[in-house]
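Structure below is protein-v1.pdb: PDB, C-alpha atoms and all ligand atoms.
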```pdb
MODEL        1
ATOM      1  CA  MET H   1      14.653 -15.922   1.749  1.00  0.00           C
ATOM      2  CA  VAL H   2      17.843 -13.895   1.778  1.00  0.00           C
ATOM      3  CA  GLU H   3      18.919 -15.590  -1.482  1.00  0.00           C
ATOM      4  CA  LEU H   4      15.573 -14.748  -3.092  1.00  0.00           C
ATOM      5  CA  ILE H   5      15.943 -11.133  -2.056  1.00  0.00           C
ATOM      6  CA  THR H   6      19.513 -10.987  -3.307  1.00  0.00           C
ATOM      7  CA  ALA H   7      18.449 -12.480  -6.643  1.00  0.00           C
ATOM      8  CA  ALA H   8      15.611  -9.978  -7.026  1.00  0.00           C
ATOM      9  CA  MET H   9      18.039  -7.180  -6.212  1.00  0.00           C
ATOM     10  CA  ARG H  10      20.490  -8.369  -8.826  1.00  0.00           C
ATOM     11  CA  GLU H  11      17.711  -8.184 -11.386  1.00  0.00           C
ATOM     12  CA  GLY H  12      16.740  -4.741 -10.172  1.00  0.00           C
ATOM     13  CA  ASP H  13      13.182  -5.923  -9.460  1.00  0.00           C
ATOM     14  CA  TRP H  14      12.500  -3.601  -6.537  1.00  0.00           C
ATOM     15  CA  GLY H  15       8.842  -4.561  -6.426  1.00  0.00           C
ATOM     16  CA  ALA H  16       9.850  -8.165  -5.682  1.00  0.00           C
ATOM     17  CA  VAL H  17      12.468  -7.039  -3.161  1.00  0.00           C
ATOM     18  CA  LEU H  18       9.924  -5.037  -1.194  1.00  0.00           C
ATOM     19  CA  ARG H  19       7.359  -7.841  -1.316  1.00  0.00           C
ATOM     20  CA  LEU H  20       9.886 -10.402  -0.076  1.00  0.00           C
ATOM     21  CA  MET H  21      11.101  -8.143   2.688  1.00  0.00           C
ATOM     22  CA  HIS H  22       7.569  -7.513   3.761  1.00  0.00           C
ATOM     23  CA  ALA H  23       6.846 -11.243   3.636  1.00  0.00           C
ATOM     24  CA  GLN H  24       9.540 -11.913   6.170  1.00  0.00           C
ATOM     25  CA  ARG H  25       8.201  -9.040   8.282  1.00  0.00           C
ATOM     26  CA  GLN H  26      11.434  -7.209   8.217  1.00  0.00           C
ATOM     27  CA  GLY H  27      11.230  -3.600   7.219  1.00  0.00           C
ATOM     28  CA  PRO H  28      14.220  -2.425   5.200  1.00  0.00           C
ATOM     29  CA  THR H  29      15.037   0.083   7.904  1.00  0.00           C
ATOM     30  CA  THR H  30      15.122  -2.634  10.566  1.00  0.00           C
ATOM     31  CA  ALA H  31      17.373  -5.032   8.661  1.00  0.00           C
ATOM     32  CA  PRO H  32      20.067  -6.266  11.046  1.00  0.00           C
ATOM     33  CA  ALA H  33      23.375  -4.505  10.697  1.00  0.00           C
ATOM     34  CA  GLY H  34      25.852  -6.315   8.526  1.00  0.00           C
ATOM     35  CA  VAL H  35      23.289  -8.222   6.465  1.00  0.00           C
ATOM     36  CA  GLY H  36      23.875  -5.678   3.756  1.00  0.00           C
ATOM     37  CA  TYR H  37      20.536  -5.503   1.993  1.00  0.00           C
ATOM     38  CA  ASP H  38      21.280  -3.244  -0.876  1.00  0.00           C
ATOM     39  CA  LEU H  39      17.935  -1.445  -1.066  1.00  0.00           C
ATOM     40  CA  PRO H  40      17.891   1.743  -3.109  1.00  0.00           C
ATOM     41  CA  PRO H  41      19.305   4.479  -0.864  1.00  0.00           C
ATOM     42  CA  PHE H  42      16.423   6.853  -1.488  1.00  0.00           C
ATOM     43  CA  TYR H  43      13.905   4.276  -0.344  1.00  0.00           C
ATOM     44  CA  ARG H  44      15.948   3.374   2.735  1.00  0.00           C
ATOM     45  CA  GLU H  45      16.267   7.026   3.635  1.00  0.00           C
ATOM     46  CA  PHE H  46      12.659   8.086   3.132  1.00  0.00           C
ATOM     47  CA  GLU H  47      10.451   5.091   3.844  1.00  0.00           C
ATOM     48  CA  ASP H  48       8.875   7.081   6.699  1.00  0.00           C
ATOM     49  CA  VAL H  49       7.910   9.907   4.309  1.00  0.00           C
ATOM     50  CA  TYR H  50       6.003   7.516   2.059  1.00  0.00           C
ATOM     51  CA  ARG H  51       4.328   5.882   5.048  1.00  0.00           C
ATOM     52  CA  GLN H  52       3.279   9.244   6.482  1.00  0.00           C
ATOM     53  CA  LEU H  53       1.907  10.425   3.131  1.00  0.00           C
ATOM     54  CA  TYR H  54      -0.134   7.247   2.734  1.00  0.00           C
ATOM     55  CA  TRP H  55      -1.340   7.743   6.294  1.00  0.00           C
ATOM     56  CA  CYS H  56      -2.441  11.292   5.332  1.00  0.00           C
ATOM     57  CA  TYR H  57      -4.254   9.942   2.282  1.00  0.00           C
ATOM     58  CA  ASP H  58      -6.139   7.450   4.456  1.00  0.00           C
ATOM     59  CA  LEU H  59      -6.980  10.167   6.987  1.00  0.00           C
ATOM     60  CA  CYS H  60      -8.402  12.484   4.272  1.00  0.00           C
ATOM     61  CA  ASN H  61     -10.253   9.586   2.688  1.00  0.00           C
ATOM     62  CA  SER H  62     -11.838   8.521   5.935  1.00  0.00           C
ATOM     63  CA  TRP H  63     -12.768  11.978   7.297  1.00  0.00           C
ATOM     64  CA  GLY H  64     -13.490  13.577   3.928  1.00  0.00           C
ATOM     65  CA  TRP H  65     -15.268  10.791   2.072  1.00  0.00           C
ATOM     66  CA  GLY H  66     -16.078   8.151   4.673  1.00  0.00           C
ATOM     67  CA  GLY H  67     -13.360   5.922   3.176  1.00  0.00           C
ATOM     68  CA  ALA H  68     -15.181   5.716  -0.176  1.00  0.00           C
ATOM     69  CA  LEU H  69     -12.216   6.704  -2.371  1.00  0.00           C
ATOM     70  CA  PRO H  70     -10.087   3.912  -3.886  1.00  0.00           C
ATOM     71  CA  PRO H  71      -6.411   3.449  -2.932  1.00  0.00           C
ATOM     72  CA  VAL H  72      -4.105   5.657  -4.977  1.00  0.00           C
ATOM     73  CA  ALA H  73      -0.373   5.460  -5.777  1.00  0.00           C
ATOM     74  CA  LEU H  74       1.613   8.410  -4.433  1.00  0.00           C
ATOM     75  CA  PHE H  75       4.541   9.811  -6.419  1.00  0.00           C
ATOM     76  CA  LEU H  76       7.162  12.222  -5.162  1.00  0.00           C
ATOM     77  CA  ASN H  77       8.204  14.644  -7.884  1.00  0.00           C
ATOM     78  CA  ARG H  78      11.678  15.943  -7.067  1.00  0.00           C
ATOM     79  CA  SER H  79      12.282  17.978 -10.201  1.00  0.00           C
ATOM     80  CA  ARG H  80      13.990  21.292  -9.457  1.00  0.00           C
ATOM     81  CA  ARG H  81      12.553  23.005 -12.482  1.00  0.00           C
ATOM     82  CA  TRP H  82      10.404  26.046 -11.749  1.00  0.00           C
ATOM     83  CA  THR H  83       6.703  25.229 -11.776  1.00  0.00           C
ATOM     84  CA  ARG H  84       3.358  26.420 -10.512  1.00  0.00           C
ATOM     85  CA  VAL H  85       1.957  22.877 -10.366  1.00  0.00           C
ATOM     86  CA  ALA H  86       2.008  21.738  -6.737  1.00  0.00           C
ATOM     87  CA  GLY H  87       0.678  18.321  -7.659  1.00  0.00           C
ATOM     88  CA  TYR H  88      -1.610  16.460 -10.000  1.00  0.00           C
ATOM     89  CA  ALA H  89      -3.982  13.519 -10.049  1.00  0.00           C
ATOM     90  CA  LYS H  90      -3.699  11.036 -12.878  1.00  0.00           C
ATOM     91  CA  PRO H  91      -6.459   8.533 -13.673  1.00  0.00           C
ATOM     92  CA  GLY H  92      -5.479   4.921 -14.413  1.00  0.00           C
ATOM     93  CA  ALA H  93      -1.784   5.516 -13.784  1.00  0.00           C
ATOM     94  CA  THR H  94      -0.903   1.970 -12.778  1.00  0.00           C
ATOM     95  CA  ALA H  95      -2.222  -1.586 -12.432  1.00  0.00           C
ATOM     96  CA  VAL H  96      -1.670  -4.045  -9.574  1.00  0.00           C
ATOM     97  CA  ASN H  97      -2.922  -7.615  -9.881  1.00  0.00           C
ATOM     98  CA  GLY H  98      -5.176  -6.677 -12.778  1.00  0.00           C
ATOM     99  CA  ARG H  99      -6.768  -3.692 -11.010  1.00  0.00           C
ATOM    100  CA  VAL H 100      -6.204  -0.176 -12.276  1.00  0.00           C
ATOM    101  CA  TYR H 101      -5.332   2.634  -9.867  1.00  0.00           C
ATOM    102  CA  CYS H 102      -5.043   6.398 -10.095  1.00  0.00           C
ATOM    103  CA  ALA H 103      -1.964   8.260  -8.898  1.00  0.00           C
ATOM    104  CA  ILE H 104      -1.304  11.541  -7.131  1.00  0.00           C
ATOM    105  CA  SER H 105       1.998  13.280  -7.680  1.00  0.00           C
ATOM    106  CA  VAL H 106       3.325  15.694  -5.066  1.00  0.00           C
ATOM    107  CA  THR H 107       5.705  18.401  -6.335  1.00  0.00           C
ATOM    108  CA  LEU H 108       8.345  18.760  -3.634  1.00  0.00           C
ATOM    109  CA  ASN H 109       9.725  21.961  -5.170  1.00  0.00           C
ATOM    110  CA  ILE H 110       6.500  23.596  -3.922  1.00  0.00           C
ATOM    111  CA  CYS H 111       5.206  21.404  -1.084  1.00  0.00           C
ATOM    112  CA  ALA H 112       8.529  21.206   0.743  1.00  0.00           C
ATOM    113  CA  ARG H 113       8.480  25.022   1.032  1.00  0.00           C
ATOM    114  CA  GLY H 114       5.040  25.121   2.620  1.00  0.00           C
ATOM    115  CA  ASN H 115       3.599  23.794   5.869  1.00  0.00           C
ATOM    116  CA  ILE H 116       1.336  20.932   6.865  1.00  0.00           C
ATOM    117  CA  ASP H 117      -1.788  22.984   6.068  1.00  0.00           C
ATOM    118  CA  SER H 118      -0.734  23.724   2.491  1.00  0.00           C
ATOM    119  CA  LEU H 119       0.301  20.090   2.041  1.00  0.00           C
ATOM    120  CA  MET H 120      -3.032  18.725   3.303  1.00  0.00           C
ATOM    121  CA  THR H 121      -4.994  21.283   1.267  1.00  0.00           C
ATOM    122  CA  LEU H 122      -3.080  20.177  -1.841  1.00  0.00           C
ATOM    123  CA  LEU H 123      -3.768  16.539  -1.025  1.00  0.00           C
ATOM    124  CA  LEU H 124      -7.481  17.254  -0.566  1.00  0.00           C
ATOM    125  CA  HIS H 125      -7.488  19.168  -3.876  1.00  0.00           C
ATOM    126  CA  GLU H 126      -5.975  16.206  -5.745  1.00  0.00           C
ATOM    127  CA  MET H 127      -8.221  13.779  -3.877  1.00  0.00           C
ATOM    128  CA  THR H 128     -11.234  15.764  -5.050  1.00  0.00           C
ATOM    129  CA  HIS H 129     -10.061  14.929  -8.598  1.00  0.00           C
ATOM    130  CA  ILE H 130      -9.850  11.266  -7.519  1.00  0.00           C
ATOM    131  CA  TRP H 131     -13.432  11.639  -6.267  1.00  0.00           C
ATOM    132  CA  GLN H 132     -14.376  12.977  -9.728  1.00  0.00           C
ATOM    133  CA  PHE H 133     -12.660  10.066 -11.505  1.00  0.00           C
ATOM    134  CA  ALA H 134     -14.203   7.500  -9.150  1.00  0.00           C
ATOM    135  CA  ASN H 135     -17.665   8.882  -9.895  1.00  0.00           C
ATOM    136  CA  GLY H 136     -17.232   8.996 -13.669  1.00  0.00           C
ATOM    137  CA  ARG H 137     -17.028  12.805 -13.705  1.00  0.00           C
ATOM    138  CA  ARG H 138     -14.985  14.758 -16.179  1.00  0.00           C
ATOM    139  CA  GLY H 139     -12.282  16.234 -13.947  1.00  0.00           C
ATOM    140  CA  GLY H 140     -11.283  19.874 -14.052  1.00  0.00           C
ATOM    141  CA  HIS H 141     -12.168  22.704 -11.692  1.00  0.00           C
ATOM    142  CA  GLY H 142     -15.827  23.202 -12.517  1.00  0.00           C
ATOM    143  CA  LYS H 143     -18.807  23.624 -10.259  1.00  0.00           C
ATOM    144  CA  ASP H 144     -18.816  20.033  -8.957  1.00  0.00           C
ATOM    145  CA  PHE H 145     -15.160  20.437  -7.983  1.00  0.00           C
ATOM    146  CA  LYS H 146     -15.685  23.745  -6.178  1.00  0.00           C
ATOM    147  CA  ASN H 147     -18.740  22.459  -4.329  1.00  0.00           C
ATOM    148  CA  GLU H 148     -16.900  19.363  -3.162  1.00  0.00           C
ATOM    149  CA  MET H 149     -14.000  21.488  -1.913  1.00  0.00           C
ATOM    150  CA  LEU H 150     -16.424  23.830  -0.136  1.00  0.00           C
ATOM    151  CA  ARG H 151     -18.102  20.828   1.458  1.00  0.00           C
ATOM    152  CA  LEU H 152     -14.709  19.907   2.931  1.00  0.00           C
ATOM    153  CA  GLY H 153     -14.237  23.503   4.086  1.00  0.00           C
ATOM    154  CA  ILE H 154     -11.787  24.781   1.450  1.00  0.00           C
ATOM    155  CA  ASP H 155     -12.469  28.030  -0.394  1.00  0.00           C
ATOM    156  CA  GLU H 156      -9.709  28.026  -2.998  1.00  0.00           C
ATOM    157  CA  ALA H 157     -10.631  31.372  -4.541  1.00  0.00           C
ATOM    158  CA  ARG H 158     -10.074  33.071  -1.197  1.00  0.00           C
ATOM    159  CA  ARG H 159      -7.285  30.671  -0.157  1.00  0.00           C
ATOM    160  CA  ARG H 160      -9.143  29.977   3.030  1.00  0.00           C
ATOM    161  CA  VAL H 161      -9.910  26.909   5.149  1.00  0.00           C
ATOM    162  CA  ARG H 162     -13.070  27.273   7.243  1.00  0.00           C
ATOM    163  CA  VAL H 163     -12.372  26.949  10.965  1.00  0.00           C
ATOM    164  CA  GLY H 164     -13.890  23.779  12.384  1.00  0.00           C
ATOM    165  CA  SER H 165     -14.462  22.250   8.920  1.00  0.00           C
ATOM    166  CA  THR H 166     -13.413  18.744   7.892  1.00  0.00           C
ATOM    167  CA  ALA H 167     -10.321  20.137   6.141  1.00  0.00           C
ATOM    168  CA  ASP H 168      -9.414  22.153   9.232  1.00  0.00           C
ATOM    169  CA  ARG H 169      -9.715  19.099  11.479  1.00  0.00           C
ATOM    170  CA  ILE H 170      -7.635  17.056   9.009  1.00  0.00           C
ATOM    171  CA  CYS H 171      -4.838  19.677   9.098  1.00  0.00           C
ATOM    172  CA  ARG H 172      -4.831  19.676  12.928  1.00  0.00           C
ATOM    173  CA  GLU H 173      -4.760  15.867  13.104  1.00  0.00           C
ATOM    174  CA  ALA H 174      -1.932  15.556  10.550  1.00  0.00           C
ATOM    175  CA  GLN H 175       0.071  18.208  12.395  1.00  0.00           C
ATOM    176  CA  MET H 176      -0.411  16.347  15.672  1.00  0.00           C
ATOM    177  CA  ARG H 177       0.429  12.890  14.325  1.00  0.00           C
ATOM    178  CA  HIS H 178       3.257  13.804  11.962  1.00  0.00           C
ATOM    179  CA  PRO H 179       4.657  17.189  13.017  1.00  0.00           C
ATOM    180  CA  GLY H 180       7.926  16.528  11.174  1.00  0.00           C
ATOM    181  CA  LEU H 181       6.457  15.574   7.793  1.00  0.00           C
ATOM    182  CA  VAL H 182       7.105  18.810   5.907  1.00  0.00           C
ATOM    183  CA  SER H 183      10.675  19.120   7.164  1.00  0.00           C
ATOM    184  CA  ARG H 184      11.183  15.518   6.029  1.00  0.00           C
ATOM    185  CA  LEU H 185       9.841  16.536   2.598  1.00  0.00           C
ATOM    186  CA  ARG H 186      12.480  19.280   2.562  1.00  0.00           C
ATOM    187  CA  LEU H 187      15.256  16.732   3.233  1.00  0.00           C
ATOM    188  CA  CYS H 188      13.727  14.491   0.617  1.00  0.00           C
ATOM    189  CA  PHE H 189      13.816  17.317  -1.945  1.00  0.00           C
ATOM    190  CA  HIS H 190      17.465  18.066  -1.214  1.00  0.00           C
ATOM    191  CA  SER H 191      18.647  14.467  -0.893  1.00  0.00           C
ATOM    192  CA  THR H 192      21.430  13.425  -3.227  1.00  0.00           C
ATOM    193  CA  HIS H 193      19.696  10.067  -3.670  1.00  0.00           C
ATOM    194  CA  ARG H 194      17.160   9.704  -6.424  1.00  0.00           C
ATOM    195  CA  PRO H 195      13.742   8.072  -6.394  1.00  0.00           C
ATOM    196  CA  THR H 196      12.257   6.580  -9.553  1.00  0.00           C
ATOM    197  CA  LYS H 197       8.674   6.100 -10.648  1.00  0.00           C
ATOM    198  CA  GLY H 198       9.384   2.357 -10.412  1.00  0.00           C
ATOM    199  CA  MET H 199      10.314   2.710  -6.739  1.00  0.00           C
ATOM    200  CA  ASP H 200       7.237   4.814  -6.025  1.00  0.00           C
ATOM    201  CA  LEU H 201       5.091   2.114  -7.612  1.00  0.00           C
ATOM    202  CA  ALA H 202       6.909  -0.682  -5.775  1.00  0.00           C
ATOM    203  CA  PHE H 203       6.160   1.082  -2.518  1.00  0.00           C
ATOM    204  CA  PHE H 204       2.508   1.421  -3.500  1.00  0.00           C
ATOM    205  CA  ARG H 205       2.313  -2.319  -4.229  1.00  0.00           C
ATOM    206  CA  MET H 206       3.877  -3.040  -0.858  1.00  0.00           C
ATOM    207  CA  MET H 207       1.364  -0.780   0.889  1.00  0.00           C
ATOM    208  CA  MET H 208      -1.496  -2.517  -0.961  1.00  0.00           C
ATOM    209  CA  GLU H 209      -0.269  -5.949   0.073  1.00  0.00           C
ATOM    210  CA  SER H 210       0.198  -4.963   3.697  1.00  0.00           C
ATOM    211  CA  ARG H 211      -3.408  -3.810   4.073  1.00  0.00           C
TER     212      ARG H 211
HETATM  213 ZN    ZN H 301      -6.792  20.463  -9.863  1.00  0.00          ZN
ENDMDL
END
```
Would you mind writing the structure in this file as structure tokens?
Ligand SMILES: [Zn+2]
Amino acid sequence: MVELITAAMREGDWGAVLRLMHAQRQGPTTAPAGVGYDLPPFYREFEDVYRQLYWCYDLCNSWGWGGALPPVALFLNRSRRWTRVAGYAKPGATAVNGRVYCAISVTLNICARGNIDSLMTLLLHEMTHIWQFANGRRGGHGKDFKNEMLRLGIDEARRRVRVGSTADRICREAQMRHPGLVSRLRLCFHSTHRPTKGMDLAFFRMMMESR
């Protein structure tokens, strides 16, 4: 197994590396000292961030849509360029085993400056686009979008989350389960290590296979 992993690493096939490591039930962060798995530093450093974000996605999906939304690949955008775009949802961004999946990108330059509420509200916003895509709707911020957000308890025009709403409960739950997530996003944004889209996708494939 170790030889297989080493070979995959030499070829730079991080998807295969992650799959193999998962297969032997040995998380990269729990690799015994001295074995010297040369996983990409960014991944080694921030595996917990990805796991927590996927956990948040599952929480929103289950409380917001009864688990009806499809799995989605999560990208971390670490660009330092000034932007107003806190995130975006992209239909058909990737394929795993012949199935096509959408992606959500999280802009750390904005989200790492906020708090858990702004992060979860952003996630629910992008997931409402996923809901549109999954139901053959056109996307955009039209009436169907606003109504769906209001149903969850988010009034974007007034930047308000209704107390006691689904969105409100989701924010409380995320805060309770992962109180350190946003400060981890901050470290992630300022890390000298770099993630790549390929790594983000490899992690998504690993998450899919571990379900
Ligand atoms: Zn939008």
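The smallest atom-to-atom distance between H:Trp55 and any of H:Asp200, H:Glu209, H:Asp144, H:Glu173, using only C-alpha atoms, is found for H:Glu173.
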Mind telling me what the PyMOL selection byres (((chain H and resi 70-83) around 6) and not hetatm) catches here, as a ChimeraX atom specification?
/H:69,84-85,101-108,189,200,204
Take the residues just selected and output them with C-alpha atoms as a PDB file, keeping the file's coordinate frame.
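Contents of the output file part10.pdb:
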```pdb
ATOM      1  CA  LEU H  69     -12.216   6.704  -2.371  1.00  0.00           C
ATOM      2  CA  ARG H  84       3.358  26.420 -10.512  1.00  0.00           C
ATOM      3  CA  VAL H  85       1.957  22.877 -10.366  1.00  0.00           C
ATOM      4  CA  TYR H 101      -5.332   2.634  -9.867  1.00  0.00           C
ATOM      5  CA  CYS H 102      -5.043   6.398 -10.095  1.00  0.00           C
ATOM      6  CA  ALA H 103      -1.964   8.260  -8.898  1.00  0.00           C
ATOM      7  CA  ILE H 104      -1.304  11.541  -7.131  1.00  0.00           C
ATOM      8  CA  SER H 105       1.998  13.280  -7.680  1.00  0.00           C
ATOM      9  CA  VAL H 106       3.325  15.694  -5.066  1.00  0.00           C
ATOM     10  CA  THR H 107       5.705  18.401  -6.335  1.00  0.00           C
ATOM     11  CA  LEU H 108       8.345  18.760  -3.634  1.00  0.00           C
ATOM     12  CA  PHE H 189      13.816  17.317  -1.945  1.00  0.00           C
ATOM     13  CA  ASP H 200       7.237   4.814  -6.025  1.00  0.00           C
ATOM     14  CA  PHE H 204       2.508   1.421  -3.500  1.00  0.00           C
TER      15      PHE H 204
END
```
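Put simply, atom CA of H:Tyr57 is 8.3 Å away from atom CA of H:Met127.
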Fewer than 2 positions away in the same chain doesn't count, so skip those; otherwise give me all residues within 10 Å of stretch 129-132 of chain H, counting all atoms listed in the file, as number ranges by chain.
H: 61, 65, 68-72, 88-91, 102-104, 123-127, 134-141, 144-145, 148
Report as a PDB file with C-alpha atoms, in the coordinates of the input the full result of the PyMOL selection byres (((chain H and resi 43-47) around 9) and not hetatm) when it is applied to this structure.
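The file below, out39.pdb, is the result:
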```pdb
ATOM      1  CA  PRO H  28      14.220  -2.425   5.200  1.00  0.00           C
ATOM      2  CA  THR H  29      15.037   0.083   7.904  1.00  0.00           C
ATOM      3  CA  LEU H  39      17.935  -1.445  -1.066  1.00  0.00           C
ATOM      4  CA  PRO H  40      17.891   1.743  -3.109  1.00  0.00           C
ATOM      5  CA  PRO H  41      19.305   4.479  -0.864  1.00  0.00           C
ATOM      6  CA  PHE H  42      16.423   6.853  -1.488  1.00  0.00           C
ATOM      7  CA  ASP H  48       8.875   7.081   6.699  1.00  0.00           C
ATOM      8  CA  VAL H  49       7.910   9.907   4.309  1.00  0.00           C
ATOM      9  CA  TYR H  50       6.003   7.516   2.059  1.00  0.00           C
ATOM     10  CA  ARG H  51       4.328   5.882   5.048  1.00  0.00           C
ATOM     11  CA  GLN H  52       3.279   9.244   6.482  1.00  0.00           C
ATOM     12  CA  ARG H 184      11.183  15.518   6.029  1.00  0.00           C
ATOM     13  CA  LEU H 185       9.841  16.536   2.598  1.00  0.00           C
ATOM     14  CA  CYS H 188      13.727  14.491   0.617  1.00  0.00           C
ATOM     15  CA  HIS H 193      19.696  10.067  -3.670  1.00  0.00           C
ATOM     16  CA  ARG H 194      17.160   9.704  -6.424  1.00  0.00           C
ATOM     17  CA  PRO H 195      13.742   8.072  -6.394  1.00  0.00           C
ATOM     18  CA  MET H 199      10.314   2.710  -6.739  1.00  0.00           C
ATOM     19  CA  ASP H 200       7.237   4.814  -6.025  1.00  0.00           C
ATOM     20  CA  PHE H 203       6.160   1.082  -2.518  1.00  0.00           C
TER      21      PHE H 203
END
```
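Between atom CA of H:Arg186 and atom CA of H:Arg113 the interatomic distance comes to 7.2 Å.
Proximity to H:Arg160 was assessed for H:Gly142, H:Val182, H:Ser191, H:Ser118 counting all atoms listed in the file; the smallest distance is recorded for H:Ser118.
Taking only C-alpha atoms and all ligand atoms into account, ligand ZN 301 (chain H) lies nearest to H:Met149 out of the set H:Val163, H:Met206, H:Met149, H:Leu4.
Using only C-alpha atoms, the shortest contact distance between H:Asn115 and any of H:Leu20, H:Cys171, H:Ile154, H:Ala93 is found at H:Cys171.
Residue nearest ligand ZN 301 (chain H), chosen from H:Thr128, H:Ser210, H:Asn147, H:Gln175 and counting all atoms listed in the file: H:Thr128.
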For atom CA of H:Gly67 and atom CA of H:Thr121, the interatomic separation in Å (one decimal)
17.6 Å
Residue nearest ligand ZN 301 (chain H) among H:Ile170, H:Cys60, H:Val96, H:Ala86 (counting only C-alpha atoms and all ligand atoms):
H:Ala86
